[in-house]
Structures are given as C-alpha cells and as structure tokens.
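Colleague: Here you go, one structure.
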Amino acid sequence: MTRRIASTELRLGMYIQKLGGSWMKHPFLRGSFLLTNPDDIKSILEAGIEDVWIDEEKGQAIQESDSITPSIHATAEESSDTQNVTQQTAEDKKSVVQSSMEDDIKRARKLFNDAKPQVLAMYKDARLGKAIDPHTTLPLVNEIDLMVQRNSAAILSVARLKTHDDYTYMHSLAVCALMISLARQLNMDEEQIKLAGVGGLMHDLGKSLMPLEVLNKPGKLSDAEYDIMKKHPAAGAKLLENSGAAPEVVDIALHHHEKINGLGYPNRLQGNEISLFSRMAAICDVYDAVTSERAYKQAWDPAGTIREMAKWEGHFDKQLFNAFVKMVGIYPVGSLVRLTTQRLAVVIEPGLTSLVKPKVKVFFSLRSKAPIQIQVVDLALPSCKETIDGPEDPAKWNFKQLEQLWQ
Ligand SMILES: [Fe+2]
C-alpha cells in the first residue's frame, strides 16, 4: 500500500515511492528507492521536501508510535544536523575564500572531464531516438551551480577552453555554467536557476537529430546546409517536450536563436515575445560559440568578444547583456590586455572591487618587442600605478603560451 507521510516521519527501511514537491528541488537521481542511508533522510529534509509517498509492501510501514514522538526526535536531530550543516557551510565558505584560482581551475576542469560521458551519452541517446530523462541532469547541474558559486571566473574560463573535437559536449556544459551564472547575477530564485542550467545544458540537443554529414562538416556550411541546421531548435524542443522536460527548458531549446529585432529563427519573435530564459540563452550561446575554437575558425579573445557583441544592434536584450558583462567581466580571465606601461599581460583573476582592475600576469614588453620576466600584478592595489590601456588582439601576436599563463 502506498501512503503519504511527512518527511520528518521517514525511517531507515522505508521504501520511498515518490517524493513530494517540485522535481527541481529533488537531490536524487532515483525516483523510488529503499531508504538505507541516514544521509538520504537528511538530504530530503534539507531540500525542503515536506512529504513523501512510501510503499509499505516494499519497505517498513509507519508505526503508530512513529508518528508523533519520533518526529520530535527527528526535529531535534534535524536541528543539530542543521547546526552541523551551518557550521559546514561556514567552513566551506572559509575554504572558498582560501582556495586559490589555480585550485579552482583544476577543480572545474575535473568537473567537466567527469561530466563528459554523461553529456555524450545524452546526445547519443537522442540520436538513437531513445527517450531523454531531463531529471537525470539535475545532479550535474547542481554540481555546476556549486562550482559557479565557489568561483564563477574559474569555471567560466575553463568552459571556454575547448578544441573543435570536444566542442559539442563542452559547449553544452559552458552554456549551462553561463546560464546559471547569469541567473545568479539576475538574483533569480533557486528553481529558476536550476531551470536555466538544465535549459543551457540541453539547448542544442536538437543538433543530435541533424544529418551527420552537415553536423560534422569541417568547413563552413553552405546556405542549404545552414537551412538544415536551422531546424535544430524545433527538433530539440520536440524531443524535450516528448521527454517530459519543463516548459522553460523546451522554450530555451526552441528560441535560443531568436533576436530582439525579430530577425532570428525559427519564429522571428521580437523583443519581449522572446522569454527571459531564451533571451539569456541567446547571449550565453553566442558568447561561448565565438570564444571557442571551431574546425573553421580560431577562438575570439573574450575581452574583444564582449566589445564586439556590445556593437551588435538588435541582436541581444541590452539590459540582460549589461548584466552578462558584469558577470563575465569586461576583461574575462584569459584576456590579453595592453597596460599603460606598454607591457602586455594576461588576466588571471577578476578584480574584487572593479571590473577594470583585475589581477594580471605581465609577460611582454611592447617597447623592446620581447618577452620579459613574468610578474603578477594586482591592478586593484592602491600602490599599483599601472592600468589597462585596452584589450589586445591575440591573433596579432600568435603567442603560444597564453593559456599556460592563466591556467
Ligand atoms: Fe543552437
């Protein structure tokens, strides 16, 4: 018999048939399972899931004596657990402050490497016509969100780095991280942040349904091939709709190529006809696509990209774009910049107090046109007399070691 009980009445040995509330809050991959781990009860309570359905044939039934007194115990345990969690969070925050950019870049790289099989499998299943369960991406989206909260500059700069071989899965992860980061910048609520992340991760799933010879073509697409590829938003949206994805996630897949001026596709929507999520996705998708290396083009420099995108009249929602710039910075990590002292440097950390005063690694003299001793300079320090003169186009220089300087 299935019975609905308060989550505070959960005991080990019970069989959970279904969790109450929105699936976005669920910390679990599994829909139904036997409760054997006390941490699972803690996770359910911490996720704010107030009630659950238990199957009393598959697991322990609720005892009459359980219903009141142990709940009080549970509350007492819960409150001591909450205290532990609070302490842990404080310690986590302390370690966030103490952890270096270098460590966080390593951490973000590991996260993306570990996620690779899952994202590739998702694309493969879609191509084979298998059902995609959008709920299974939630643990990954949660991890990306935690990394964004820990150090968004680290994860966003690692997400940008990709070769054309790993473009498909890295682009999905990058847009997921950018969407989460932008949603946090816009102070969206937790559920919307997760929806933005899932939508970012799955926005291009329709590409898996496009003909392989067009999808994998090494060069630029012909007009006819481009017209075929323009079908990926509708194909992805249909697949996601049939898979039971949230309407917001379907909307992102369908409308991430629309433009504010109505010249986008597939529906030529204008301005606010395009949902907030899709207007966000349009910015995140383009930024990641142009700052990535493709088979037919070099990656654009991130600082130069921000300046270029700002000039594209009618493409993006201006207000959202401003929030996006605040989030990635005018000089994102990895940007090549020219200093007022006629030296070239690479941005290695965002400025804590100002977007135009990041921490940089100086490595080249424009006067002598030769490398100089590498030096870390924090442009935000009051004692620092140097400032950024402007972005420098790396394509002009062909430096081989730029990525090593900030990684
Ligand atoms: Fe797309």
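Chain labels follow the order of the structure tokens: the first chain is A, the next B, and so on; residue numbering restarts at 1 in every chain, and ligands are counted from 1 in their shown order.
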Distance table requested - chain A against ligand 1, cut-off 12 Å, only C-alpha atoms and all ligand atoms: one row per qualifying residue with the closest atom pair and its distance in Å to one decimal, ordered by chain and rising residue number, as CSV.

Modeller:
```
residue,atom,partner,partner_atom_place_in_ligand_line,distance
A:Thr168,CA,ligand 1,1 (Fe),10.6
A:His171,CA,ligand 1,1 (Fe),10.0
A:Ser172,CA,ligand 1,1 (Fe),9.8
A:Val175,CA,ligand 1,1 (Fe),10.5
A:Gly199,CA,ligand 1,1 (Fe),11.6
A:Gly200,CA,ligand 1,1 (Fe),10.2
A:Leu201,CA,ligand 1,1 (Fe),11.2
A:Met202,CA,ligand 1,1 (Fe),9.7
A:His203,CA,ligand 1,1 (Fe),6.5
A:Asp204,CA,ligand 1,1 (Fe),4.8
A:Leu205,CA,ligand 1,1 (Fe),8.3
A:Gly206,CA,ligand 1,1 (Fe),7.9
A:Lys207,CA,ligand 1,1 (Fe),7.4
A:Ser208,CA,ligand 1,1 (Fe),10.9
A:Met210,CA,ligand 1,1 (Fe),11.5
A:Leu215,CA,ligand 1,1 (Fe),11.7
A:Tyr226,CA,ligand 1,1 (Fe),11.7
A:Met229,CA,ligand 1,1 (Fe),8.6
A:Lys230,CA,ligand 1,1 (Fe),8.1
A:Lys231,CA,ligand 1,1 (Fe),9.4
A:His232,CA,ligand 1,1 (Fe),6.7
A:Pro233,CA,ligand 1,1 (Fe),6.3
A:Ala234,CA,ligand 1,1 (Fe),10.1
A:Ala235,CA,ligand 1,1 (Fe),10.7
A:Gly236,CA,ligand 1,1 (Fe),9.2
A:Ala237,CA,ligand 1,1 (Fe),11.1
A:Ile252,CA,ligand 1,1 (Fe),9.5
A:Ala253,CA,ligand 1,1 (Fe),7.4
A:Leu254,CA,ligand 1,1 (Fe),8.7
A:His255,CA,ligand 1,1 (Fe),8.8
A:His256,CA,ligand 1,1 (Fe),6.4
A:His257,CA,ligand 1,1 (Fe),6.4
A:Glu258,CA,ligand 1,1 (Fe),10.1
A:Gly264,CA,ligand 1,1 (Fe),11.5
A:Tyr265,CA,ligand 1,1 (Fe),10.1
A:Pro266,CA,ligand 1,1 (Fe),10.8
A:Ser278,CA,ligand 1,1 (Fe),11.1
A:Ala281,CA,ligand 1,1 (Fe),9.4
A:Ala282,CA,ligand 1,1 (Fe),8.8
A:Ile283,CA,ligand 1,1 (Fe),11.5
A:Cys284,CA,ligand 1,1 (Fe),10.8
A:Asp285,CA,ligand 1,1 (Fe),7.3
A:Val286,CA,ligand 1,1 (Fe),9.0
A:Asp288,CA,ligand 1,1 (Fe),11.3
A:Ala289,CA,ligand 1,1 (Fe),9.6
```

Colleague: Using N, CA and C atoms, can you export the residues from the last selection as a tab-separated table (two decimals), in the first residue's frame?

Modeller:
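Once everything was written out, this is selection-v2.tsv:
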```tsv
chain	number	residue	atom	x	y	z
A	168	THR	N	31.00	19.87	-28.92
A	168	THR	CA	29.58	19.61	-28.64
A	168	THR	C	29.31	19.50	-27.14
A	171	HIS	N	30.42	22.76	-25.18
A	171	HIS	CA	29.54	23.91	-25.42
A	171	HIS	C	28.28	23.79	-24.54
A	172	SER	N	27.74	22.58	-24.44
A	172	SER	CA	26.56	22.37	-23.58
A	172	SER	C	26.89	22.71	-22.13
A	175	VAL	N	27.43	26.57	-21.76
A	175	VAL	CA	26.20	27.36	-21.76
A	175	VAL	C	25.42	27.11	-20.46
A	199	GLY	N	18.24	24.03	-18.97
A	199	GLY	CA	17.98	24.55	-20.31
A	199	GLY	C	19.28	24.80	-21.07
A	200	GLY	N	20.27	25.36	-20.38
A	200	GLY	CA	21.57	25.61	-21.01
A	200	GLY	C	22.22	24.32	-21.45
A	201	LEU	N	22.16	23.32	-20.57
A	201	LEU	CA	22.78	22.03	-20.87
A	201	LEU	C	22.14	21.36	-22.09
A	202	MET	N	20.83	21.55	-22.25
A	202	MET	CA	20.10	20.81	-23.29
A	202	MET	C	19.69	21.68	-24.47
A	203	HIS	N	20.17	22.93	-24.53
A	203	HIS	CA	19.64	23.86	-25.54
A	203	HIS	C	19.88	23.38	-26.97
A	204	ASP	N	21.00	22.70	-27.20
A	204	ASP	CA	21.35	22.29	-28.57
A	204	ASP	C	21.12	20.81	-28.83
A	205	LEU	N	20.32	20.17	-27.98
A	205	LEU	CA	20.12	18.72	-28.12
A	205	LEU	C	19.57	18.36	-29.51
A	206	GLY	N	18.82	19.29	-30.11
A	206	GLY	CA	18.26	19.06	-31.45
A	206	GLY	C	19.35	18.85	-32.50
A	207	LYS	N	20.58	19.31	-32.21
A	207	LYS	CA	21.67	19.11	-33.18
A	207	LYS	C	21.95	17.63	-33.39
A	208	SER	N	21.69	16.84	-32.33
A	208	SER	CA	21.95	15.40	-32.46
A	208	SER	C	21.01	14.76	-33.48
A	210	MET	N	20.29	16.23	-36.38
A	210	MET	CA	20.61	16.75	-37.71
A	210	MET	C	21.50	15.75	-38.46
A	215	LEU	N	26.32	18.14	-39.71
A	215	LEU	CA	26.75	18.42	-38.33
A	215	LEU	C	28.27	18.39	-38.20
A	226	TYR	N	23.04	25.29	-43.98
A	226	TYR	CA	22.68	26.18	-42.88
A	226	TYR	C	21.17	26.12	-42.63
A	229	MET	N	20.48	23.07	-40.68
A	229	MET	CA	20.86	23.22	-39.27
A	229	MET	C	19.89	24.12	-38.49
A	230	LYS	N	19.22	25.00	-39.24
A	230	LYS	CA	18.26	25.89	-38.57
A	230	LYS	C	17.05	25.13	-38.04
A	231	LYS	N	16.99	23.85	-38.37
A	231	LYS	CA	15.87	23.06	-37.86
A	231	LYS	C	16.16	22.48	-36.47
A	232	HIS	N	17.41	22.66	-35.99
A	232	HIS	CA	17.74	22.01	-34.71
A	232	HIS	C	16.94	22.55	-33.51
A	233	PRO	N	16.56	23.85	-33.47
A	233	PRO	CA	15.78	24.27	-32.29
A	233	PRO	C	14.43	23.55	-32.19
A	234	ALA	N	13.70	23.48	-33.31
A	234	ALA	CA	12.39	22.83	-33.28
A	234	ALA	C	12.53	21.32	-32.98
A	235	ALA	N	13.57	20.71	-33.58
A	235	ALA	CA	13.78	19.27	-33.35
A	235	ALA	C	14.09	18.99	-31.88
A	236	GLY	N	14.94	19.84	-31.29
A	236	GLY	CA	15.31	19.68	-29.88
A	236	GLY	C	14.11	19.89	-28.97
A	237	ALA	N	13.33	20.94	-29.28
A	237	ALA	CA	12.17	21.26	-28.44
A	237	ALA	C	11.17	20.11	-28.45
A	252	ILE	N	13.74	27.20	-24.11
A	252	ILE	CA	15.15	27.57	-24.36
A	252	ILE	C	15.66	26.86	-25.62
A	253	ALA	N	15.32	25.56	-25.74
A	253	ALA	CA	15.76	24.80	-26.93
A	253	ALA	C	15.15	25.41	-28.20
A	254	LEU	N	13.90	25.84	-28.11
A	254	LEU	CA	13.19	26.33	-29.30
A	254	LEU	C	13.60	27.75	-29.70
A	255	HIS	N	13.91	28.60	-28.71
A	255	HIS	CA	14.05	30.03	-29.04
A	255	HIS	C	15.43	30.63	-28.76
A	256	HIS	N	16.47	29.80	-28.57
A	256	HIS	CA	17.76	30.41	-28.25
A	256	HIS	C	18.42	31.11	-29.45
A	257	HIS	N	17.85	30.95	-30.65
A	257	HIS	CA	18.41	31.66	-31.82
A	257	HIS	C	17.53	32.82	-32.27
A	258	GLU	N	16.56	33.20	-31.46
A	258	GLU	CA	15.74	34.36	-31.81
A	258	GLU	C	16.56	35.62	-31.49
A	264	GLY	N	15.74	36.67	-35.97
A	264	GLY	CA	16.28	35.36	-35.61
A	264	GLY	C	15.41	34.24	-36.13
A	265	TYR	N	15.67	33.01	-35.66
A	265	TYR	CA	14.86	31.87	-36.08
A	265	TYR	C	14.56	30.99	-34.87
A	266	PRO	N	13.55	30.12	-34.89
A	266	PRO	CA	12.73	29.74	-36.05
A	266	PRO	C	11.46	30.61	-36.21
A	278	SER	N	15.07	32.52	-22.82
A	278	SER	CA	15.63	32.41	-24.17
A	278	SER	C	16.48	33.62	-24.53
A	281	ALA	N	19.66	32.83	-22.93
A	281	ALA	CA	20.36	31.75	-23.64
A	281	ALA	C	21.00	32.27	-24.92
A	282	ALA	N	20.35	33.23	-25.59
A	282	ALA	CA	20.90	33.78	-26.84
A	282	ALA	C	22.27	34.39	-26.58
A	283	ILE	N	22.40	35.12	-25.47
A	283	ILE	CA	23.68	35.78	-25.13
A	283	ILE	C	24.74	34.73	-24.76
A	284	CYS	N	24.34	33.80	-23.88
A	284	CYS	CA	25.31	32.79	-23.41
A	284	CYS	C	25.79	31.91	-24.57
A	285	ASP	N	24.87	31.54	-25.46
A	285	ASP	CA	25.20	30.67	-26.58
A	285	ASP	C	26.19	31.35	-27.53
A	286	VAL	N	25.90	32.61	-27.89
A	286	VAL	CA	26.78	33.31	-28.84
A	286	VAL	C	28.15	33.56	-28.21
A	288	ASP	N	29.73	31.91	-25.95
A	288	ASP	CA	30.55	30.69	-25.90
A	288	ASP	C	30.95	30.23	-27.29
A	289	ALA	N	30.05	30.37	-28.26
A	289	ALA	CA	30.38	29.90	-29.61
A	289	ALA	C	31.54	30.71	-30.21
```

Colleague: Run DSSP on the backbone and give me the residues of region 318-406 of chain A it puts in helix (DSSP H, G or I), as a list in words.

Modeller: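 So the helix (DSSP H, G or I) residues in region 318-406 of chain A would be Lys318, Gln319, Leu320, Phe321, Asn322, Ala323, Phe324, Val325, Lys326, Met327, Val328, Pro394, Ala395, Lys396, Leu402, Glu403, Gln404, Leu405 and Trp406 of chain A.
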
Colleague: Take CA of Lys116 (chain A) and CA of Asp103 (chain A) and report the distance between them in Å, one decimal.

Modeller: 20.2 Å

Colleague: So that I can check the secondary structure, give me every residue of region 138-354 of chain A assigned strand (DSSP E or B) by backbone DSSP, as a ChimeraX atom specification.

Modeller: /A:294,297,336-339,343-349

Colleague: Output N, CA and C atoms for every residue in the selection just made, as a CSV table (one decimal), in the first residue's frame.

Modeller:
```
chain,number,residue,atom,x,y,z
A,294,ARG,N,36.7,26.5,-33.5
A,294,ARG,CA,35.9,25.6,-34.3
A,294,ARG,C,36.8,25.1,-35.4
A,297,LYS,N,37.4,28.1,-37.6
A,297,LYS,CA,37.8,29.4,-37.1
A,297,LYS,C,38.5,29.3,-35.8
A,336,LEU,N,43.9,39.0,-23.2
A,336,LEU,CA,45.2,39.6,-23.4
A,336,LEU,C,44.9,41.1,-23.3
A,337,VAL,N,45.7,41.8,-22.5
A,337,VAL,CA,45.5,43.3,-22.3
A,337,VAL,C,46.8,44.0,-22.5
A,338,ARG,N,46.6,45.3,-22.9
A,338,ARG,CA,47.8,46.2,-23.0
A,338,ARG,C,47.8,47.2,-21.8
A,339,LEU,N,48.9,47.3,-21.1
A,339,LEU,CA,48.9,48.1,-20.0
A,339,LEU,C,49.4,49.5,-20.3
A,343,ARG,N,53.2,47.4,-21.6
A,343,ARG,CA,53.5,45.9,-21.4
A,343,ARG,C,52.2,45.2,-21.7
A,344,LEU,N,52.4,43.9,-22.2
A,344,LEU,CA,51.3,43.0,-22.4
A,344,LEU,C,51.1,42.1,-21.2
A,345,ALA,N,49.8,41.8,-20.9
A,345,ALA,CA,49.6,40.9,-19.8
A,345,ALA,C,48.3,40.1,-20.1
A,346,VAL,N,48.2,39.0,-19.3
A,346,VAL,CA,47.0,38.1,-19.4
A,346,VAL,C,46.3,38.2,-18.1
A,347,VAL,N,44.9,38.4,-18.2
A,347,VAL,CA,44.1,38.5,-17.0
A,347,VAL,C,44.1,37.1,-16.3
A,348,ILE,N,44.4,37.0,-15.0
A,348,ILE,CA,44.4,35.7,-14.3
A,348,ILE,C,43.3,35.6,-13.2
A,349,GLU,N,42.9,36.8,-12.8
A,349,GLU,CA,41.8,36.8,-11.8
A,349,GLU,C,41.0,38.0,-11.9
```
